[in-house]
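Notes to accompany the following structure.
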Amino acid sequence: ETGVTQTPRHLVMGMTNKKSLKCEQHLGHNAMYWYKQSAKKPLELMFVYNFKEQTENNSVPSRFSPECPNSSHLFLHLHTLQPEDSALYLCASSQEGIGNYGYTFGSGTRLTVV
Amino acid sequence: KNQVEQSPQSLIILEGKNCTLQCNYTVSPFSNLRWYKQDTGRGPVSLTIMTFSENTKSNGRYTATLDADTKQSSLHITASQLSDSASYICVVRRGGDQAGTALIFGKGTTLSVSS
(Lines give C-alpha, C1' and ligand atoms only; values in the text may rest on other atoms or scores of the structure.)
Protein backbone atom coordinates (compact mmCIF):
# COMPACT_ATOMS: atom_id res chain seq x y z
CA GLU A 1 0.00 0.00 0.00
CA THR A 2 1.12 3.55 -0.76
CA GLY A 3 -0.18 5.25 2.40
CA VAL A 4 -3.31 6.50 0.65
CA THR A 5 -6.28 4.13 0.99
CA GLN A 6 -9.40 4.33 -1.16
CA THR A 7 -12.65 2.48 -0.66
CA PRO A 8 -14.46 0.88 -2.27
CA ARG A 9 -12.19 -0.51 -4.99
CA HIS A 10 -15.12 -1.10 -7.32
CA LEU A 11 -18.58 0.47 -7.40
CA VAL A 12 -21.54 -0.09 -9.70
CA MET A 13 -24.41 2.33 -9.25
CA GLY A 14 -27.58 3.31 -11.01
CA MET A 15 -28.19 6.83 -12.21
CA THR A 16 -30.63 7.51 -9.38
CA ASN A 17 -28.41 6.19 -6.58
CA LYS A 18 -26.42 8.13 -4.02
CA LYS A 19 -23.03 6.77 -3.02
CA SER A 20 -19.78 8.05 -1.52
CA LEU A 21 -16.12 7.36 -2.22
CA LYS A 22 -13.72 7.49 0.70
CA CYS A 23 -10.04 8.33 0.84
CA GLU A 24 -7.73 8.22 3.86
CA GLN A 25 -4.07 9.20 3.93
CA HIS A 26 -1.62 8.04 6.60
CA LEU A 27 1.30 10.21 5.50
CA GLY A 28 0.69 13.40 7.46
CA HIS A 29 0.23 15.37 4.24
CA ASN A 30 -1.58 18.71 4.22
CA ALA A 31 -3.23 18.59 0.78
CA MET A 32 -5.60 16.06 -0.80
CA TYR A 33 -7.03 15.76 -4.28
CA TRP A 34 -9.64 13.97 -6.36
CA TYR A 35 -8.80 13.03 -9.94
CA LYS A 36 -10.86 11.41 -12.69
CA GLN A 37 -9.15 9.09 -15.16
CA SER A 38 -11.01 8.07 -18.30
CA ALA A 39 -9.67 5.74 -20.96
CA LYS A 40 -7.00 7.23 -23.24
CA LYS A 41 -7.06 10.59 -21.43
CA PRO A 42 -4.68 12.25 -18.96
CA LEU A 43 -5.72 12.50 -15.34
CA GLU A 44 -8.22 15.28 -14.81
CA LEU A 45 -8.03 17.27 -11.59
CA MET A 46 -11.45 17.60 -9.95
CA PHE A 47 -10.99 19.04 -6.46
CA VAL A 48 -8.14 20.25 -4.28
CA TYR A 49 -8.13 20.62 -0.51
CA ASN A 50 -5.18 22.47 0.97
CA PHE A 51 -5.12 22.51 4.79
CA LYS A 52 -8.74 21.26 4.68
CA GLU A 53 -9.88 24.24 2.64
CA GLN A 54 -11.16 23.65 -0.86
CA THR A 55 -8.94 25.65 -3.17
CA GLU A 56 -9.85 24.24 -6.57
CA ASN A 57 -13.03 23.12 -8.25
CA ASN A 58 -12.26 22.53 -11.89
CA SER A 59 -15.75 23.09 -13.30
CA VAL A 60 -16.94 19.79 -11.94
CA PRO A 61 -20.71 19.14 -12.21
CA SER A 62 -22.65 19.55 -8.98
CA ARG A 63 -23.56 15.85 -9.00
CA PHE A 64 -20.04 15.42 -7.54
CA SER A 65 -19.73 16.87 -4.04
CA PRO A 66 -16.46 16.69 -2.07
CA GLU A 67 -16.06 16.74 1.68
CA CYS A 68 -12.89 17.04 3.74
CA PRO A 69 -13.70 16.68 7.45
CA ASN A 70 -10.02 16.65 8.50
CA SER A 71 -6.58 16.60 6.95
CA SER A 72 -6.53 12.79 6.72
CA HIS A 73 -9.91 12.06 5.17
CA LEU A 74 -11.55 13.02 1.90
CA PHE A 75 -14.92 11.98 0.52
CA LEU A 76 -16.55 12.29 -2.87
CA HIS A 77 -20.33 12.17 -2.67
CA LEU A 78 -22.07 11.04 -5.84
CA HIS A 79 -25.71 11.49 -6.87
CA THR A 80 -27.71 11.25 -10.09
CA LEU A 81 -24.62 10.37 -12.10
CA GLN A 82 -24.53 9.82 -15.86
CA PRO A 83 -23.03 6.86 -17.75
CA GLU A 84 -20.20 9.12 -18.96
CA ASP A 85 -19.13 9.51 -15.34
CA SER A 86 -17.91 5.91 -15.40
CA ALA A 87 -14.15 6.10 -14.82
CA LEU A 88 -11.34 5.42 -12.38
CA TYR A 89 -11.46 7.95 -9.54
CA LEU A 90 -8.14 8.56 -7.87
CA CYS A 91 -7.37 10.24 -4.60
CA ALA A 92 -3.94 11.72 -3.97
CA SER A 93 -2.15 13.59 -1.20
CA SER A 94 0.94 15.75 -0.94
CA GLN A 95 2.89 17.84 1.52
CA GLU A 96 2.71 21.34 0.11
CA GLY A 97 5.10 24.13 0.99
CA ILE A 98 8.25 22.14 1.63
CA GLY A 99 10.04 21.15 -1.55
CA ASN A 100 6.76 20.15 -3.21
CA TYR A 101 8.05 16.66 -3.89
CA GLY A 102 5.85 13.92 -2.51
CA TYR A 103 2.64 13.25 -4.39
CA THR A 104 1.08 9.90 -3.52
CA PHE A 105 -1.91 8.28 -5.19
CA GLY A 106 -4.36 5.76 -3.85
CA SER A 107 -5.29 2.62 -5.76
CA GLY A 108 -8.47 4.18 -7.08
CA THR A 109 -12.17 3.36 -7.22
CA ARG A 110 -13.43 1.91 -10.50
CA LEU A 111 -16.91 3.43 -10.90
CA THR A 112 -19.47 2.10 -13.35
CA VAL A 113 -22.73 3.98 -13.80
CA VAL A 114 -25.54 1.90 -15.30
CA LYS B 1 0.77 26.61 -23.23
CA ASN B 2 1.90 24.15 -20.54
CA GLN B 3 1.95 20.69 -22.07
CA VAL B 4 3.58 17.31 -21.57
CA GLU B 5 3.92 15.06 -24.61
CA GLN B 6 4.92 11.41 -24.34
CA SER B 7 6.10 9.00 -27.01
CA PRO B 8 5.52 6.42 -28.16
CA GLN B 9 1.85 6.07 -27.28
CA SER B 10 2.31 2.31 -26.93
CA LEU B 11 5.17 -0.14 -27.13
CA ILE B 12 5.51 -3.92 -27.27
CA ILE B 13 8.83 -5.56 -26.39
CA LEU B 14 10.10 -9.03 -25.61
CA GLU B 15 10.96 -10.00 -22.05
CA GLY B 16 14.58 -9.28 -21.26
CA LYS B 17 14.93 -6.44 -23.77
CA ASN B 18 15.58 -2.80 -22.93
CA CYS B 19 13.40 0.13 -23.90
CA THR B 20 13.30 3.92 -23.62
CA LEU B 21 10.24 6.11 -23.18
CA GLN B 22 10.30 9.80 -24.05
CA CYS B 23 8.75 12.87 -22.46
CA ASN B 24 8.90 16.41 -23.90
CA TYR B 25 7.43 19.33 -22.02
CA THR B 26 6.76 23.02 -22.46
CA VAL B 27 5.92 23.71 -18.81
CA SER B 28 7.35 26.95 -17.44
CA PRO B 29 8.59 27.75 -14.91
CA PHE B 30 9.85 24.24 -14.23
CA SER B 31 9.87 22.83 -10.68
CA ASN B 32 10.32 19.07 -11.02
CA LEU B 33 9.51 16.10 -13.22
CA ARG B 34 8.14 12.77 -12.08
CA TRP B 35 7.71 9.40 -13.73
CA TYR B 36 4.89 7.18 -12.50
CA LYS B 37 4.06 3.55 -13.25
CA GLN B 38 0.37 2.70 -13.38
CA ASP B 39 -0.81 -0.89 -13.52
CA THR B 40 -4.20 -1.45 -15.11
CA GLY B 41 -7.00 -0.41 -12.77
CA ARG B 42 -4.60 0.82 -10.09
CA GLY B 43 -3.31 4.21 -9.01
CA PRO B 44 0.00 5.60 -10.28
CA VAL B 45 3.09 4.75 -8.25
CA SER B 46 6.08 7.09 -8.24
CA LEU B 47 9.28 5.80 -9.86
CA THR B 48 11.51 8.91 -9.80
CA ILE B 49 11.34 12.63 -9.07
CA MET B 50 13.91 14.92 -10.67
CA THR B 51 14.63 18.58 -10.08
CA PHE B 52 16.31 21.10 -12.35
CA SER B 53 19.83 20.22 -11.23
CA GLU B 54 19.51 16.45 -11.62
CA ASN B 55 20.47 14.80 -14.91
CA THR B 56 20.05 11.14 -14.04
CA LYS B 57 18.27 9.19 -11.35
CA SER B 58 17.91 5.43 -11.01
CA ASN B 59 15.42 3.21 -9.24
CA GLY B 60 16.42 -0.41 -9.74
CA ARG B 61 16.05 -1.26 -13.43
CA TYR B 62 14.50 2.15 -14.12
CA THR B 63 16.75 5.08 -15.05
CA ALA B 64 15.36 8.54 -15.73
CA THR B 65 17.26 11.33 -17.44
CA LEU B 66 16.46 15.01 -17.62
CA ASP B 67 17.73 17.68 -19.99
CA ALA B 68 16.30 20.93 -18.67
CA ASP B 69 17.78 22.89 -21.58
CA THR B 70 15.90 20.96 -24.26
CA LYS B 71 12.99 20.20 -21.89
CA GLN B 72 13.22 16.49 -22.48
CA SER B 73 13.19 13.48 -20.19
CA SER B 74 13.51 9.78 -20.83
CA LEU B 75 12.79 6.66 -18.83
CA HIS B 76 15.01 3.69 -19.64
CA ILE B 77 13.96 0.21 -18.54
CA THR B 78 16.68 -2.42 -18.47
CA ALA B 79 16.13 -6.18 -18.82
CA SER B 80 12.37 -5.86 -18.98
CA GLN B 81 10.11 -8.24 -17.06
CA LEU B 82 6.49 -9.23 -17.58
CA SER B 83 5.61 -7.17 -14.51
CA ASP B 84 6.84 -4.03 -16.27
CA SER B 85 3.70 -4.14 -18.44
CA ALA B 86 1.89 -0.95 -17.42
CA SER B 87 1.28 2.65 -18.35
CA TYR B 88 4.15 5.05 -17.67
CA ILE B 89 3.13 8.63 -17.00
CA CYS B 90 5.37 11.69 -17.12
CA VAL B 91 4.23 14.53 -14.84
CA VAL B 92 5.80 17.99 -14.70
CA ARG B 93 5.25 20.34 -11.80
CA ARG B 94 5.04 24.03 -12.64
CA GLY B 95 6.84 26.27 -10.22
CA GLY B 96 4.91 28.81 -8.17
CA ASP B 97 1.46 27.34 -8.73
CA GLN B 98 -0.86 26.13 -6.02
CA ALA B 99 -1.23 22.47 -5.17
CA GLY B 100 -3.13 20.48 -7.77
CA THR B 101 -3.07 22.88 -10.68
CA ALA B 102 0.71 22.84 -10.61
CA LEU B 103 0.89 19.29 -12.00
CA ILE B 104 0.74 18.80 -15.77
CA PHE B 105 0.15 15.17 -16.80
CA GLY B 106 1.17 13.40 -19.98
CA LYS B 107 -1.18 10.85 -21.54
CA GLY B 108 1.22 8.04 -20.78
CA THR B 109 2.99 5.30 -22.72
CA THR B 110 1.47 1.84 -22.55
CA LEU B 111 4.20 -0.79 -22.37
CA SER B 112 3.48 -4.46 -23.02
CA VAL B 113 6.20 -6.99 -22.26
CA SER B 114 5.66 -10.40 -23.83
CA SER B 115 7.40 -13.72 -23.22
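For the C-alpha coordinates, the naming scheme is as follows: chains receive sequential letters (A, B, ...) according to their order of presentation, residues are indexed from 1 within each chain, and ligands are indexed from 1 in presentation order.
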- [ ] Using only C-alpha atoms, find the residues of chain B whose closest atom to chain A is at most 7 Å away, then write them as a count of residues only.
- [x] 9
Identify, on the basis of only C-alpha atoms, every residue whose closest approach to stretch 23-30 of chain B does not exceed 6 Å; exclude the query and any residue fewer than 2 positions from it along the same chain; express the result as a PDB file with N, CA, C and O atoms, in the first residue's frame.
```pdb
ATOM      1  N   ASN B   2       1.201  25.190 -21.289  1.00  0.00           N
ATOM      2  CA  ASN B   2       1.898  24.154 -20.537  1.00  0.00           C
ATOM      3  C   ASN B   2       1.407  22.781 -20.969  1.00  0.00           C
ATOM      4  O   ASN B   2       0.253  22.435 -20.762  1.00  0.00           O
ATOM      5  N   GLN B   3       2.316  22.015 -21.584  1.00  0.00           N
ATOM      6  CA  GLN B   3       1.949  20.694 -22.069  1.00  0.00           C
ATOM      7  C   GLN B   3       3.053  19.692 -21.799  1.00  0.00           C
ATOM      8  O   GLN B   3       4.233  20.045 -21.698  1.00  0.00           O
ATOM      9  N   VAL B   4       2.649  18.424 -21.700  1.00  0.00           N
ATOM     10  CA  VAL B   4       3.576  17.305 -21.570  1.00  0.00           C
ATOM     11  C   VAL B   4       3.205  16.284 -22.629  1.00  0.00           C
ATOM     12  O   VAL B   4       2.063  15.806 -22.657  1.00  0.00           O
ATOM     13  N   GLU B   5       4.158  15.995 -23.518  1.00  0.00           N
ATOM     14  CA  GLU B   5       3.919  15.063 -24.608  1.00  0.00           C
ATOM     15  C   GLU B   5       4.783  13.820 -24.416  1.00  0.00           C
ATOM     16  O   GLU B   5       5.999  13.931 -24.204  1.00  0.00           O
ATOM     17  N   GLN B   6       4.174  12.651 -24.515  1.00  0.00           N
ATOM     18  CA  GLN B   6       4.924  11.410 -24.345  1.00  0.00           C
ATOM     19  C   GLN B   6       4.904  10.596 -25.634  1.00  0.00           C
ATOM     20  O   GLN B   6       3.920  10.596 -26.373  1.00  0.00           O
ATOM     21  N   LYS B  71      14.292  20.546 -22.466  1.00  0.00           N
ATOM     22  CA  LYS B  71      12.990  20.204 -21.888  1.00  0.00           C
ATOM     23  C   LYS B  71      12.563  18.797 -22.326  1.00  0.00           C
ATOM     24  O   LYS B  71      11.445  18.594 -22.826  1.00  0.00           O
ATOM     25  N   GLN B  72      13.495  17.873 -22.131  1.00  0.00           N
ATOM     26  CA  GLN B  72      13.221  16.488 -22.482  1.00  0.00           C
ATOM     27  C   GLN B  72      13.619  15.574 -21.327  1.00  0.00           C
ATOM     28  O   GLN B  72      14.602  15.839 -20.627  1.00  0.00           O
ATOM     29  N   SER B  73      12.861  14.504 -21.178  1.00  0.00           N
ATOM     30  CA  SER B  73      13.194  13.482 -20.194  1.00  0.00           C
ATOM     31  C   SER B  73      12.980  12.124 -20.839  1.00  0.00           C
ATOM     32  O   SER B  73      12.179  11.983 -21.768  1.00  0.00           O
ATOM     33  N   SER B  74      13.714  11.134 -20.348  1.00  0.00           N
ATOM     34  CA  SER B  74      13.513   9.783 -20.826  1.00  0.00           C
ATOM     35  C   SER B  74      13.491   8.831 -19.640  1.00  0.00           C
ATOM     36  O   SER B  74      14.078   9.117 -18.591  1.00  0.00           O
ATOM     37  N   ARG B  94       4.754  22.642 -12.302  1.00  0.00           N
ATOM     38  CA  ARG B  94       5.042  24.032 -12.641  1.00  0.00           C
ATOM     39  C   ARG B  94       5.362  24.800 -11.370  1.00  0.00           C
ATOM     40  O   ARG B  94       4.641  24.682 -10.368  1.00  0.00           O
ATOM     41  N   GLY B  95       6.423  25.542 -11.395  1.00  0.00           N
ATOM     42  CA  GLY B  95       6.837  26.275 -10.216  1.00  0.00           C
ATOM     43  C   GLY B  95       5.905  27.435  -9.893  1.00  0.00           C
ATOM     44  O   GLY B  95       5.393  28.094 -10.796  1.00  0.00           O
TER      45      GLY B  95
END
```
Task: d(atom CA of A:Asn70, atom CA of B:Thr101) in Å - done: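 These two atoms are separated by 21.3 Å.
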- [ ] Take atom CA of A:Pro8 and atom CA of B:Gly41 and report the distance between them in Å, one decimal.
- [x] 12.9 Å
- [ ] To one decimal in Å, tell me the separation between atom CA of B:Gln22 and atom CA of B:Thr110.
- [x]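 So the two atoms, atom CA of B:Gln22 and atom CA of B:Thr110, lie 12.0 Å apart.
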Task: Test item, strand (DSSP E or B) assignment across chain B, answer as a ChimeraX atom specification - done: /B:4-7,10-14,19-25,30-38,45-51,56-59,62-67,72-77,86-94,103-105,109-114
Can you tell me, as an mmCIF file with N, CA, C and O atoms, in the first residue's frame, what residues are no more than 12 Å from A:Arg63 when counting only C-alpha atoms, ignoring any on the same chain fewer than 2 positions away?
```cif
data_model
loop_
_atom_site.group_PDB
_atom_site.id
_atom_site.type_symbol
_atom_site.label_atom_id
_atom_site.label_comp_id
_atom_site.auth_asym_id
_atom_site.auth_seq_id
_atom_site.Cartn_x
_atom_site.Cartn_y
_atom_site.Cartn_z
ATOM 1 N N MET A 15 -28.197 5.374 -12.050
ATOM 2 C CA MET A 15 -28.187 6.828 -12.213
ATOM 3 C C MET A 15 -28.983 7.556 -11.131
ATOM 4 O O MET A 15 -28.796 8.753 -10.914
ATOM 5 N N THR A 16 -29.849 6.845 -10.419
ATOM 6 C CA THR A 16 -30.634 7.508 -9.376
ATOM 7 C C THR A 16 -30.071 7.276 -7.978
ATOM 8 O O THR A 16 -30.603 7.783 -6.994
ATOM 9 N N ASN A 17 -28.994 6.504 -7.889
ATOM 10 C CA ASN A 17 -28.407 6.187 -6.579
ATOM 11 C C ASN A 17 -27.612 7.358 -6.012
ATOM 12 O O ASN A 17 -27.204 8.271 -6.726
ATOM 13 N N LYS A 18 -27.366 7.237 -4.700
ATOM 14 C CA LYS A 18 -26.420 8.128 -4.017
ATOM 15 C C LYS A 18 -25.365 7.249 -3.346
ATOM 16 O O LYS A 18 -25.714 6.332 -2.602
ATOM 17 N N LYS A 19 -24.119 7.532 -3.616
ATOM 18 C CA LYS A 19 -23.025 6.775 -3.020
ATOM 19 C C LYS A 19 -21.893 7.745 -2.668
ATOM 20 O O LYS A 19 -21.888 8.899 -3.111
ATOM 21 N N SER A 20 -20.931 7.234 -1.881
ATOM 22 C CA SER A 20 -19.778 8.055 -1.522
ATOM 23 C C SER A 20 -18.490 7.256 -1.675
ATOM 24 O O SER A 20 -18.452 6.059 -1.362
ATOM 25 N N SER A 59 -14.522 23.154 -12.507
ATOM 26 C CA SER A 59 -15.747 23.094 -13.304
ATOM 27 C C SER A 59 -16.371 21.708 -13.265
ATOM 28 O O SER A 59 -16.827 21.184 -14.290
ATOM 29 N N VAL A 60 -16.381 21.120 -12.087
ATOM 30 C CA VAL A 60 -16.943 19.788 -11.935
ATOM 31 C C VAL A 60 -18.456 19.909 -11.724
ATOM 32 O O VAL A 60 -18.904 20.763 -10.947
ATOM 33 N N PRO A 61 -19.248 19.064 -12.390
ATOM 34 C CA PRO A 61 -20.710 19.135 -12.213
ATOM 35 C C PRO A 61 -21.109 18.948 -10.747
ATOM 36 O O PRO A 61 -20.440 18.243 -9.988
ATOM 37 N N SER A 65 -19.827 15.964 -5.179
ATOM 38 C CA SER A 65 -19.726 16.868 -4.040
ATOM 39 C C SER A 65 -18.622 16.379 -3.101
ATOM 40 O O SER A 65 -18.749 15.312 -2.498
ATOM 41 N N PRO A 66 -17.535 17.138 -2.952
ATOM 42 C CA PRO A 66 -16.461 16.695 -2.069
ATOM 43 C C PRO A 66 -16.691 17.116 -0.631
ATOM 44 O O PRO A 66 -17.433 18.063 -0.346
ATOM 45 N N LEU A 76 -15.925 11.795 -1.656
ATOM 46 C CA LEU A 76 -16.553 12.287 -2.874
ATOM 47 C C LEU A 76 -17.957 11.717 -2.906
ATOM 48 O O LEU A 76 -18.138 10.514 -3.080
ATOM 49 N N HIS A 77 -18.941 12.592 -2.684
ATOM 50 C CA HIS A 77 -20.330 12.174 -2.669
ATOM 51 C C HIS A 77 -20.889 12.242 -4.083
ATOM 52 O O HIS A 77 -20.688 13.230 -4.799
ATOM 53 N N LEU A 78 -21.578 11.177 -4.475
ATOM 54 C CA LEU A 78 -22.074 11.037 -5.839
ATOM 55 C C LEU A 78 -23.597 10.931 -5.835
ATOM 56 O O LEU A 78 -24.161 10.193 -5.020
ATOM 57 N N HIS A 79 -24.257 11.650 -6.744
ATOM 58 C CA HIS A 79 -25.709 11.488 -6.869
ATOM 59 C C HIS A 79 -26.147 11.843 -8.274
ATOM 60 O O HIS A 79 -25.602 12.747 -8.910
ATOM 61 N N THR A 80 -27.136 11.101 -8.746
ATOM 62 C CA THR A 80 -27.711 11.253 -10.092
ATOM 63 C C THR A 80 -26.622 11.340 -11.149
ATOM 64 O O THR A 80 -26.567 12.282 -11.966
ATOM 65 N N LEU A 81 -25.713 10.369 -11.127
ATOM 66 C CA LEU A 81 -24.623 10.366 -12.098
ATOM 67 C C LEU A 81 -25.104 9.934 -13.475
ATOM 68 O O LEU A 81 -26.199 9.355 -13.624
ATOM 69 N N GLN A 82 -24.261 10.183 -14.471
ATOM 70 C CA GLN A 82 -24.535 9.819 -15.855
ATOM 71 C C GLN A 82 -23.581 8.698 -16.278
ATOM 72 O O GLN A 82 -22.502 8.552 -15.698
ATOM 73 N N ASP A 85 -19.915 9.325 -16.553
ATOM 74 C CA ASP A 85 -19.131 9.511 -15.337
ATOM 75 C C ASP A 85 -18.383 8.239 -14.946
ATOM 76 O O ASP A 85 -17.580 8.239 -13.999
#
```
Open item on the list: as a list in words, please: the residues near B:Val92 (cut-off 6 Å, only C-alpha atoms, same-chain neighbours under 2 positions excluded).
Closed with: Asn32, Leu33, Leu103 and Ile104 of chain B
